[in-house]
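Engineer: My structure file start-v6.pdb, PDB, C-alpha atoms, is below:
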```
ATOM      1  CA  MET E1204      21.993  17.816   5.880
ATOM      2  CA  ILE E1205      21.574  14.042   6.337
ATOM      3  CA  VAL E1206      17.781  14.371   6.158
ATOM      4  CA  GLY E1207      18.092  16.483   3.003
ATOM      5  CA  VAL E1208      20.357  13.976   1.267
ATOM      6  CA  ALA E1209      18.061  11.086   2.239
ATOM      7  CA  ALA E1210      14.996  12.917   0.961
ATOM      8  CA  PHE E1211      16.750  13.754  -2.311
ATOM      9  CA  GLY E1212      17.776  10.140  -2.808
ATOM     10  CA  ILE E1213      14.273   8.843  -2.142
ATOM     11  CA  ASP E1214      12.694  11.501  -4.359
ATOM     12  CA  ARG E1215      14.823  10.383  -7.325
ATOM     13  CA  MET E1216      13.544   6.811  -6.934
ATOM     14  CA  ILE E1217       9.859   7.728  -6.939
ATOM     15  CA  THR E1218       7.961   7.351 -10.202
ATOM     16  CA  ARG E1219       5.281  10.030 -10.501
ATOM     17  CA  ILE E1220       2.099   9.591 -12.460
ATOM     18  CA  ASP E1221      -0.893  11.888 -12.931
ATOM     19  CA  ALA E1222      -3.328   9.760 -10.937
ATOM     20  CA  THR E1223      -5.598  12.563  -9.708
ATOM     21  CA  GLN E1224      -6.929  13.930 -12.982
ATOM     22  CA  ASP E1225      -9.800  16.397 -13.330
ATOM     23  CA  TYR E1226     -13.058  15.379 -14.999
ATOM     24  CA  ALA E1227     -16.503  16.882 -15.472
ATOM     25  CA  GLY E1228     -18.500  16.961 -12.233
ATOM     26  CA  ARG E1229     -15.530  16.138  -9.996
ATOM     27  CA  ILE E1230     -16.176  16.838  -6.322
ATOM     28  CA  GLY E1231     -14.513  19.949  -4.923
ATOM     29  CA  ALA E1232     -11.634  20.087  -2.473
ATOM     30  CA  THR E1233     -12.294  19.969   1.258
ATOM     31  CA  PRO E1234     -10.176  20.978   4.298
ATOM     32  CA  GLY E1235      -7.297  18.648   5.116
ATOM     33  CA  THR E1236      -5.552  16.223   2.781
ATOM     34  CA  ASN E1237      -6.945  12.916   1.517
ATOM     35  CA  TYR E1238      -4.542  10.178   0.451
ATOM     36  CA  LEU E1239      -5.467   7.066  -1.487
ATOM     37  CA  LEU E1240      -3.044   4.332  -0.396
ATOM     38  CA  VAL E1241      -2.926   1.385  -2.775
ATOM     39  CA  GLY E1242      -1.110  -1.925  -2.581
ATOM     40  CA  THR E1243      -1.058  -3.864  -5.833
ATOM     41  CA  ASP E1244      -0.321  -7.482  -6.660
ATOM     42  CA  SER E1245       2.411  -6.364  -9.059
ATOM     43  CA  ARG E1246       5.352  -8.763  -9.347
ATOM     44  CA  GLU E1247       7.252  -6.433 -11.653
ATOM     45  CA  GLY E1248      11.008  -6.951 -11.460
ATOM     46  CA  LEU E1249      10.796 -10.101  -9.351
ATOM     47  CA  THR E1250      12.826 -13.122 -10.391
ATOM     48  CA  PRO E1251      11.312 -16.591  -9.910
ATOM     49  CA  GLU E1252      13.567 -16.985  -6.862
ATOM     50  CA  GLN E1253      12.310 -13.722  -5.357
ATOM     51  CA  GLN E1254       8.707 -14.712  -6.029
ATOM     52  CA  GLN E1255       9.344 -17.937  -4.140
ATOM     53  CA  GLU E1256      11.092 -16.088  -1.295
ATOM     54  CA  LEU E1257       8.178 -13.663  -0.858
ATOM     55  CA  ALA E1258       5.528 -16.355  -1.528
ATOM     56  CA  THR E1259       3.864 -14.185  -4.159
ATOM     57  CA  GLY E1260       3.065 -16.977  -6.597
ATOM     58  CA  GLY E1261       3.347 -16.448 -10.354
ATOM     59  CA  ASP E1262       1.822 -13.718 -12.473
ATOM     60  CA  THR E1263      -1.977 -13.695 -12.355
ATOM     61  CA  GLY E1264      -2.805 -11.499 -15.341
ATOM     62  CA  PRO E1265      -3.616  -7.750 -15.209
ATOM     63  CA  ILE E1266      -2.399  -5.951 -12.079
ATOM     64  CA  ARG E1267      -5.113  -5.393  -9.492
ATOM     65  CA  THR E1268      -5.276  -3.638  -6.150
ATOM     66  CA  ASP E1269      -4.975  -5.986  -3.180
ATOM     67  CA  THR E1270      -5.209  -3.129  -0.694
ATOM     68  CA  ILE E1271      -7.148   0.143  -0.879
ATOM     69  CA  MET E1272      -7.136   2.594   2.022
ATOM     70  CA  LEU E1273      -8.239   6.200   2.449
ATOM     71  CA  LEU E1274      -6.134   8.334   4.783
ATOM     72  CA  HIS E1275      -7.540  11.695   5.868
ATOM     73  CA  VAL E1276      -5.038  14.067   7.445
ATOM     74  CA  PRO E1277      -6.939  17.031   8.932
ATOM     75  CA  SER E1278      -5.480  20.486   9.389
ATOM     76  CA  GLY E1279      -5.845  19.836  13.121
ATOM     77  CA  GLY E1280      -6.452  16.642  15.091
ATOM     78  CA  ASP E1281      -5.652  12.993  14.454
ATOM     79  CA  PRO E1282      -5.505  11.339  11.015
ATOM     80  CA  VAL E1283      -8.158   8.760  10.102
ATOM     81  CA  LEU E1284      -7.410   5.588   8.098
ATOM     82  CA  VAL E1285     -10.278   3.666   6.466
ATOM     83  CA  SER E1286     -10.111   0.447   4.446
ATOM     84  CA  ILE E1287     -12.119  -0.066   1.267
ATOM     85  CA  PRO E1288     -12.812  -3.776   0.664
ATOM     86  CA  ARG E1289     -11.282  -4.739  -2.671
ATOM     87  CA  ASP E1290     -14.357  -6.797  -3.605
ATOM     88  CA  SER E1291     -16.788  -3.896  -3.067
ATOM     89  CA  TYR E1292     -19.267  -4.010  -5.940
ATOM     90  CA  ILE E1293     -19.699  -0.412  -7.103
ATOM     91  CA  PRO E1294     -20.164   1.629 -10.302
ATOM     92  CA  ILE E1295     -16.996   2.029 -12.363
ATOM     93  CA  PRO E1296     -17.307   5.157 -14.561
ATOM     94  CA  GLY E1297     -17.914   4.081 -18.140
ATOM     95  CA  HIS E1298     -17.794   0.367 -17.316
ATOM     96  CA  GLY E1299     -20.965  -0.458 -15.381
ATOM     97  CA  GLN E1300     -20.948  -2.245 -12.023
ATOM     98  CA  ASP E1301     -18.000  -4.357 -10.936
ATOM     99  CA  LYS E1302     -15.522  -4.949  -8.125
ATOM    100  CA  VAL E1303     -13.627  -1.806  -7.199
ATOM    101  CA  ASN E1304     -10.192  -3.376  -7.740
ATOM    102  CA  ILE E1305     -11.035  -4.152 -11.364
ATOM    103  CA  SER E1306     -11.127  -0.411 -12.083
ATOM    104  CA  TYR E1307      -7.337  -0.390 -11.755
ATOM    105  CA  ALA E1308      -6.958  -3.315 -14.141
ATOM    106  CA  ILE E1309      -9.132  -1.461 -16.684
ATOM    107  CA  GLY E1310      -7.865   2.089 -16.439
ATOM    108  CA  GLY E1311      -4.972   2.187 -14.000
ATOM    109  CA  ALA E1312      -4.623   4.669 -11.168
ATOM    110  CA  PRO E1313      -6.702   7.504 -12.742
ATOM    111  CA  LEU E1314      -9.796   5.303 -13.128
ATOM    112  CA  LEU E1315      -9.354   3.842  -9.635
ATOM    113  CA  VAL E1316      -9.145   7.351  -8.143
ATOM    114  CA  ARG E1317     -12.248   8.496 -10.028
ATOM    115  CA  THR E1318     -14.143   5.347  -9.032
ATOM    116  CA  ILE E1319     -13.341   5.920  -5.350
ATOM    117  CA  GLU E1320     -14.181   9.622  -5.546
ATOM    118  CA  GLU E1321     -17.575   9.054  -7.144
ATOM    119  CA  ALA E1322     -18.452   6.185  -4.799
ATOM    120  CA  THR E1323     -17.443   7.962  -1.580
ATOM    121  CA  GLY E1324     -17.914  11.649  -2.330
ATOM    122  CA  VAL E1325     -14.346  12.248  -1.120
ATOM    123  CA  ARG E1326     -11.851  14.117  -3.315
ATOM    124  CA  ILE E1327      -8.438  12.443  -3.478
ATOM    125  CA  ASP E1328      -5.539  14.879  -3.098
ATOM    126  CA  ARG E1329      -2.608  12.448  -3.134
ATOM    127  CA  TYR E1330      -2.087   8.947  -4.480
ATOM    128  CA  VAL E1331       0.522   6.443  -3.256
ATOM    129  CA  GLU E1332       0.999   2.985  -4.767
ATOM    130  CA  ILE E1333       3.339   0.166  -3.828
ATOM    131  CA  GLY E1334       3.901  -3.376  -5.099
ATOM    132  CA  PHE E1335       5.009  -6.552  -3.327
ATOM    133  CA  THR E1336       8.734  -5.833  -3.579
ATOM    134  CA  GLY E1337       8.501  -2.243  -2.458
ATOM    135  CA  PHE E1338       6.479  -3.171   0.610
ATOM    136  CA  ALA E1339       9.018  -5.752   1.731
ATOM    137  CA  ASP E1340      11.926  -3.396   0.979
ATOM    138  CA  ILE E1341      10.470  -0.536   3.022
ATOM    139  CA  THR E1342       9.966  -2.824   6.011
ATOM    140  CA  GLU E1343      13.537  -4.079   5.758
ATOM    141  CA  ALA E1344      14.873  -0.541   5.294
ATOM    142  CA  ILE E1345      13.608   0.565   8.713
ATOM    143  CA  GLY E1346      14.813  -2.595  10.453
ATOM    144  CA  GLY E1347      11.506  -4.454  10.645
ATOM    145  CA  VAL E1348       8.238  -3.547  12.346
ATOM    146  CA  GLU E1349       7.014  -4.866  15.690
ATOM    147  CA  MET E1350       3.492  -6.266  15.814
ATOM    148  CA  CYS E1351       1.590  -7.909  18.660
ATOM    149  CA  LEU E1352      -0.626 -10.818  17.580
ATOM    150  CA  ASP E1353      -3.544 -12.125  19.631
ATOM    151  CA  ALA E1354      -3.283 -15.549  17.986
ATOM    152  CA  PRO E1355      -0.725 -17.433  15.885
ATOM    153  CA  ILE E1356      -1.009 -17.294  12.091
ATOM    154  CA  PHE E1357       0.022 -20.166   9.832
ATOM    155  CA  ASP E1358      -0.495 -19.550   6.139
ATOM    156  CA  PRO E1359       1.657 -21.487   3.618
ATOM    157  CA  LEU E1360       0.131 -19.492   0.745
ATOM    158  CA  ALA E1361       1.385 -16.231   2.266
ATOM    159  CA  GLY E1362       4.629 -17.858   3.374
ATOM    160  CA  ILE E1363       4.291 -17.095   7.088
ATOM    161  CA  GLU E1364       4.204 -18.977  10.391
ATOM    162  CA  LEU E1365       3.879 -16.408  13.183
ATOM    163  CA  GLU E1366       3.518 -17.070  16.891
ATOM    164  CA  SER E1367       1.114 -15.144  19.106
ATOM    165  CA  GLY E1368       2.525 -12.238  21.093
ATOM    166  CA  CYS E1369       4.787  -9.318  20.207
ATOM    167  CA  GLN E1370       7.491  -9.833  17.594
ATOM    168  CA  LYS E1371       9.428  -7.952  14.950
ATOM    169  CA  LEU E1372       8.369  -8.774  11.393
ATOM    170  CA  SER E1373      10.879  -8.871   8.560
ATOM    171  CA  GLY E1374       9.969  -7.659   5.090
ATOM    172  CA  ARG E1375       8.906 -11.122   3.958
ATOM    173  CA  GLU E1376       6.877 -11.724   7.138
ATOM    174  CA  ALA E1377       5.267  -8.289   6.951
ATOM    175  CA  LEU E1378       4.183  -8.888   3.361
ATOM    176  CA  GLY E1379       2.645 -12.221   4.354
ATOM    177  CA  PHE E1380       0.961 -10.653   7.388
ATOM    178  CA  VAL E1381      -0.868  -7.973   5.382
ATOM    179  CA  ARG E1382      -1.823 -10.488   2.675
ATOM    180  CA  THR E1383      -3.030 -13.449   4.711
ATOM    181  CA  ARG E1384      -6.686 -14.427   4.925
ATOM    182  CA  ALA E1385      -6.015 -17.591   6.941
ATOM    183  CA  THR E1386      -7.883 -16.205   9.957
ATOM    184  CA  PRO E1387     -11.448 -16.650  11.261
ATOM    185  CA  ARG E1388     -12.795 -13.480   9.578
ATOM    186  CA  ALA E1389     -10.680 -13.712   6.415
ATOM    187  CA  ASP E1390     -10.811 -10.385   4.518
ATOM    188  CA  LEU E1391     -12.096  -8.429   7.535
ATOM    189  CA  ASP E1392      -9.108  -9.548   9.605
ATOM    190  CA  ARG E1393      -6.887  -8.837   6.633
ATOM    191  CA  MET E1394      -8.005  -5.197   6.496
ATOM    192  CA  ASN E1395      -7.576  -4.804  10.261
ATOM    193  CA  ASN E1396      -4.067  -6.249  10.002
ATOM    194  CA  GLN E1397      -3.233  -3.843   7.191
ATOM    195  CA  ARG E1398      -4.361  -0.776   9.153
ATOM    196  CA  GLN E1399      -2.527  -1.890  12.293
ATOM    197  CA  PHE E1400       0.644  -2.576  10.355
ATOM    198  CA  MET E1401       0.534   0.723   8.461
ATOM    199  CA  SER E1402       0.097   2.599  11.745
ATOM    200  CA  ALA E1403       3.063   0.779  13.297
ATOM    201  CA  LEU E1404       5.205   1.294  10.202
ATOM    202  CA  ALA E1405       4.395   5.017  10.035
ATOM    203  CA  GLU E1406       5.098   5.445  13.754
ATOM    204  CA  LYS E1407       8.524   3.843  13.462
ATOM    205  CA  ALA E1408       9.443   5.467  10.152
ATOM    206  CA  THR E1409       8.808   8.953  11.551
ATOM    207  CA  ARG E1410      10.964   8.554  14.669
ATOM    208  CA  PRO E1411      13.856  11.065  14.666
ATOM    209  CA  ALA E1412      16.416   8.242  14.828
ATOM    210  CA  GLN E1413      15.191   6.824  11.502
ATOM    211  CA  PHE E1414      16.307   9.964   9.665
ATOM    212  CA  LEU E1415      19.904   9.193  10.585
ATOM    213  CA  THR E1416      19.739   6.065   8.419
ATOM    214  CA  PRO E1417      18.496   6.852   4.878
ATOM    215  CA  PRO E1418      15.675   4.335   4.176
ATOM    216  CA  PHE E1419      16.847   3.296   0.733
ATOM    217  CA  ASP E1420      19.633   1.377  -0.922
ATOM    218  CA  SER E1421      20.916   3.044  -4.067
ATOM    219  CA  THR E1422      22.673  -0.192  -5.048
ATOM    220  CA  SER E1423      19.487  -2.241  -5.007
ATOM    221  CA  PRO E1424      18.223  -3.169  -8.492
ATOM    222  CA  ARG E1425      14.724  -3.160  -7.076
ATOM    223  CA  GLY E1426      14.949   0.321  -5.591
ATOM    224  CA  TRP E1427      11.652   1.708  -4.287
ATOM    225  CA  PRO E1428       9.040   0.490  -6.785
ATOM    226  CA  TYR E1429       6.125   2.627  -5.746
ATOM    227  CA  ARG E1430       4.425   5.534  -7.430
ATOM    228  CA  HIS E1431       3.260   8.823  -6.023
ATOM    229  CA  GLY E1432       0.855  10.907  -8.058
ATOM    230  CA  ARG E1433       0.093  14.554  -7.390
ATOM    231  CA  PRO E1434      -2.592  16.794  -8.897
ATOM    232  CA  ARG E1435      -1.429  19.323 -11.463
TER     233      ARG E1435
END
```
Before anything else, please render the file you have as structure tokens.

Structural biologist:
Amino acid sequence: MIVGVAAFGIDRMITRIDATQDYAGRIGATPGTNYLLVGTDSREGLTPEQQQELATGGDTGPIRTDTIMLLHVPSGGDPVLVSIPRDSYIPIPGHGQDKVNISYAIGGAPLLVRTIEEATGVRIDRYVEIGFTGFADITEAIGGVEMCLDAPIFDPLAGIELESGCQKLSGREALGFVRTRATPRADLDRMNNQRQFMSALAEKATRPAQFLTPPFDSTSPRGWPYRHGRPR
């Protein structure tokens, strides 16, 4: 009953959009389920104080995708998570060649999905999007996420100063960790950090004990600002 109530509460806070639209020549479905996981630089709903707290900086114009990952969940076996560099220079349907994250700024989630599908040959079955606030809120909702760092990270722009070794990251620290490029390999390290964090977050969020504490706060004005699109 507790799990059912929690799921109902979360479901009411999800905004659904038709991100996976059909178009002429679209690749057919394949076994398993493919998710497109997107983290945007949206600051929607953040006050200046919250922007300072999360070290997001001010608005930077049209919303773009800071993080793009493909998750394949097979009918049997282990899931596979692959990062797509946001600066990948690829064809954007109807808009020539450009960086993949610009497709979102031009045509939102539907154009981003189509761009990824045509570039990879992989049909997207599910789409999940989250902004800065939602990412921090989810991390806080499950009591933080433990990460083990090989080296310390100091990045004033991302608002973090993390020691090496294992530690539990708060929502603000987690957001800075997946955003920072203040490491030797910059964006490559950033993508590795994102995959490691998402794996750790998913592992903790799916523990049986987590279902006893509904991962949302119905009194929060920020709620769960992420969107989940499903095909018709």

Engineer: Hey, what's within 6 Å of Arg1375 in chain E if we count all atoms listed in the file and toss same-chain stuff fewer than 2 positions away? As JSON, numbers by chain, please?

Structural biologist: {"E": [1257, 1339, 1373, 1377, 1378]}

Engineer: Counting only C-alpha atoms, which of E:Pro1294, E:Gly1374, E:Gly1279, E:Gly1346 gets nearest to Glu1256 in chain E?

Structural biologist: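 The closest residue to Glu1256 in chain E is E:Gly1374.
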
Engineer: Which of these residues is nearest to Thr1342 in chain E, using all atoms listed in the file: E:Asp1358, E:Thr1386, E:Arg1398, E:Leu1372?

Structural biologist: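 Checking each of E:Asp1358, E:Thr1386, E:Arg1398, E:Leu1372 against Thr1342 in chain E, counting all atoms listed in the file, the winner is E:Leu1372.
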
Engineer: Got a sec: who's within 10 Å of range 1282-1285 of chain E, counting all atoms listed in the file, leaving out chain neighbours fewer than 5 positions off, as a PyMOL selection string?

Structural biologist: chain E and resi 1235-1240+1271-1277+1394-1395+1398-1399+1401-1402

Engineer: Once the PyMOL selection byres ((chain E and resi 1305-1322) around 8) is applied to the coordinates I shared, what remains selected? I want it as number ranges by chain.

Structural biologist: E: 1221-1224, 1229-1230, 1239, 1265-1268, 1293-1296, 1301-1304, 1323-1327

Engineer: Go ahead and write the residues just picked, C-alpha atoms, as a CSV table (one decimal), in the frame of the given file.

Structural biologist:
```
chain,number,residue,atom,x,y,z
E,1221,ASP,CA,-0.9,11.9,-12.9
E,1222,ALA,CA,-3.3,9.8,-10.9
E,1223,THR,CA,-5.6,12.6,-9.7
E,1224,GLN,CA,-6.9,13.9,-13.0
E,1229,ARG,CA,-15.5,16.1,-10.0
E,1230,ILE,CA,-16.2,16.8,-6.3
E,1239,LEU,CA,-5.5,7.1,-1.5
E,1265,PRO,CA,-3.6,-7.8,-15.2
E,1266,ILE,CA,-2.4,-6.0,-12.1
E,1267,ARG,CA,-5.1,-5.4,-9.5
E,1268,THR,CA,-5.3,-3.6,-6.2
E,1293,ILE,CA,-19.7,-0.4,-7.1
E,1294,PRO,CA,-20.2,1.6,-10.3
E,1295,ILE,CA,-17.0,2.0,-12.4
E,1296,PRO,CA,-17.3,5.2,-14.6
E,1301,ASP,CA,-18.0,-4.4,-10.9
E,1302,LYS,CA,-15.5,-4.9,-8.1
E,1303,VAL,CA,-13.6,-1.8,-7.2
E,1304,ASN,CA,-10.2,-3.4,-7.7
E,1323,THR,CA,-17.4,8.0,-1.6
E,1324,GLY,CA,-17.9,11.6,-2.3
E,1325,VAL,CA,-14.3,12.2,-1.1
E,1326,ARG,CA,-11.9,14.1,-3.3
E,1327,ILE,CA,-8.4,12.4,-3.5
```

Engineer: Out of E:Glu1349, E:Glu1376, E:Glu1366, E:Asp1340, which residue has the shortest atom-to-atom distance to Glu1406 in chain E when counting all atoms listed in the file?

Structural biologist: E:Glu1349

Engineer: Starting from the PyMOL selection byres ((chain E and resi 1334) around 6), expand the selection into actual residues of this file and give them as a ChimeraX atom specification.

Structural biologist: /E:1242-1243,1245,1333,1335-1337

Engineer: Which of these, E:Lys1371, E:Ala1354, E:Leu1360, E:Arg1384, has the shortest distance to Phe1400 in chain E once you count only C-alpha atoms?

Structural biologist: E:Lys1371

Engineer: In Å, how far is it from CA of Gln1397 in chain E to CA of Arg1219 in chain E?

Structural biologist: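 These atoms are spaced 24.0 Å apart.
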
Engineer: What is the CA of Ser1286 in chain E to CA of Thr1270 in chain E distance in Å?

Structural biologist: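 That distance, rounded to one decimal, is 8.0 Å.
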
Engineer: In terms of the shortest atom-to-atom distance over only C-alpha atoms, which of E:Arg1388, E:Gly1231, E:Val1348, E:Val1381 is closest to Ala1405 in chain E?

Structural biologist: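 Among the listed residues, the smallest separation from Ala1405 in chain E belongs to E:Val1348.
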
Engineer: Select, from E:Gly1299, E:Phe1357, E:Asp1392, E:Ala1344, the residue with the minimum atom-to-atom distance to Ala1408 in chain E, counting all atoms listed in the file.

Structural biologist: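 Nearest candidate to Ala1408 in chain E out of E:Gly1299, E:Phe1357, E:Asp1392, E:Ala1344: E:Ala1344.
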
Engineer: Which value, in Å to one decimal, gives the distance between CA of Ile1287 in chain E and CA of Ala1385 in chain E?

Structural biologist: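 About the pair CA of Ile1287 in chain E and CA of Ala1385 in chain E: they are 19.4 Å apart.
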